[in-house]
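A short worksheet on the structure shown next.
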Amino acid sequence: PKDVPAPAEDPETEAKRQHRRDYRERRKLKKQAGLFVQAKDNPNVYVSGLPSDVTLEELEPVLKRAGVLKLDPETGESKIRIYPNDNGIGCKGDALVSYANAASVELAVKFLHEHELRQNCRICVQQADFEEHDHNPKLSKEDLQAMAASRKGDKEKKKYIAAQNAQKEAVSWSGEMDDGSGRRIVLLKHMYSMDEAAAEGPGFYKELAEEIKEECEKIGQVAKVTPMERHKLGIVCVKFKASAEAEECIRVMDGRFFGGRTVEASFYDGRTDLRALGSASAPAAPSAAVAGAAAGSPAAAAVVAASQAAST
């Protein structure tokens with residue numbers, strides 16, 4: 001018998017099928033563009049009731065009470081998006097905050113909702129609903145394709161991996177991150193600001209290293225101090241002779257004030273590309289050590305500053 005052609009689908013069924021195909025395509029592109037978040041793993045909270053002059057520095061320590069914040073691979077800073085007013089001046093009154101773990105969202109809502117940020121200023125904290133609170137217009141398929149394409153490349157991948165490693169270190173309670181030599185290298189964050197370095201001139205980093213070495217020698221024997229020049233997080237690597245001294249440094253320095261900033265101290269994990277995460281462009285040619293490493297191996301060039309701290 002002759003094959004009987006399949007009955008044509010009605011327009012409504014075909015439209016539904018096309019809609020599902022379009023949805024899957026947009027979902028794939030959103031994931032490639034770094035925008036897609038599964039509902040069950042949504043690590044974001046929406047904060048409202050903020051004053052117009054609120055800053056990231058004011059919000060960050062409060063929000064960290066619920067858990068480790070996700071890091072922005074581009075800036076190396078905590079992922080807190082404060083929405084500006086229409087004129088671009090001041091806060092509109094709300095912000096989107098991303099945690100490293102989705103479990104932190106429940107804690108944030110439970111303990112930070114109605115928190116008094118300032119006198120007579122209580123904030124509202126709730127799980128983010130992107131359909132309700134997304135301030136961006138719906139992106140077209142072409143926009144998503146462009147964003148996805150822009151994220152492909154070694155530089156973007158390095159930034160992403162560096163941010164992931166830094167988050168992994170932050171959520172580690174037992175300090176198991178190891179530099180391969182008994183945890184002797186300590187990362188000190190927020191030891192300087194970009195403005196401070198620019199104002200002080202070319203001798204700034206040498207003087208900073210000497211000042212930090214003098215301070216850390218009160219704790220133990222310091223093998224080397226290496227500032228990460230032009231780093232947006234103000235990172236300085238300190239290598240001790242013994243791991244016990246490095247642990248004591250973390251205990252003493254973490255949470256301490258230095259130059260009006262709160263220091264964050266932790267072990268270096270031995271593999272994070274510190275320059276990829278938050279390093280500003282150099283105004284001058286790189287040093288001979290960096291240039292030599294770059295010529296021999298891109299990976300070596302990426303972690304050369306931390307490697308210098310590890311060498312004796």
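Chains: A, B, ... in order of the structure tokens. Residues: from 1 per chain. Ligands: from 1, in order shown.
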
Item to check | Contact residues around Leu50 of chain A with only C-alpha atoms at 7 Å, ignoring same-chain residues under 2 positions, as a PyMOL selection string | outcome: chain A and resi 48+52+54+93-94+123

Item to check | Distance of atom CA of Glu214 of chain A from atom CA of Tyr192 of chain A, expressed in Å to one decimal place | outcome: 16.2 Å

Checklist outcome for this item: Val263 of chain A proximity check over A:Lys218, A:Lys189, A:Arg81, A:Arg183, using only C-alpha atoms: winner is A:Lys189

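Residue neighbourhood of Val68 of chain A, excluding near-sequence residues (fewer than 3 positions): A:Lys64, A:Tyr99, A:Ala100, at 6 Å, using only C-alpha atoms.
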
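Closest approach to Glu74 of chain A from the set A:Lys232, A:Arg122, A:Ala244, A:Asp22 is made by A:Lys232, with distances taken over only C-alpha atoms.
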
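For Lys79 of chain A, the list of residues within 10 Å, based on only C-alpha atoms and with local chain neighbours fewer than 5 positions off taken out, reads Asn44, Leu56, Glu60, Leu69, Lys70, Leu71, Asp72, Pro73, Leu96, Val97, Ser98, Tyr99 and Ala100 of chain A.
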
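Of note, atom CA of Gln145 of chain A and atom CA of His19 of chain A are spaced 18.2 Å apart.
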
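The coordinates place atom CA of Arg261 of chain A at 15.0 Å from atom CA of His231 of chain A.
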
Checklist outcome for this item: The residue from A:Arg251, A:Lys224, A:Lys213, A:His190 with the smallest atom-to-atom distance to Glu77 of chain A, counting only C-alpha atoms, is A:His190
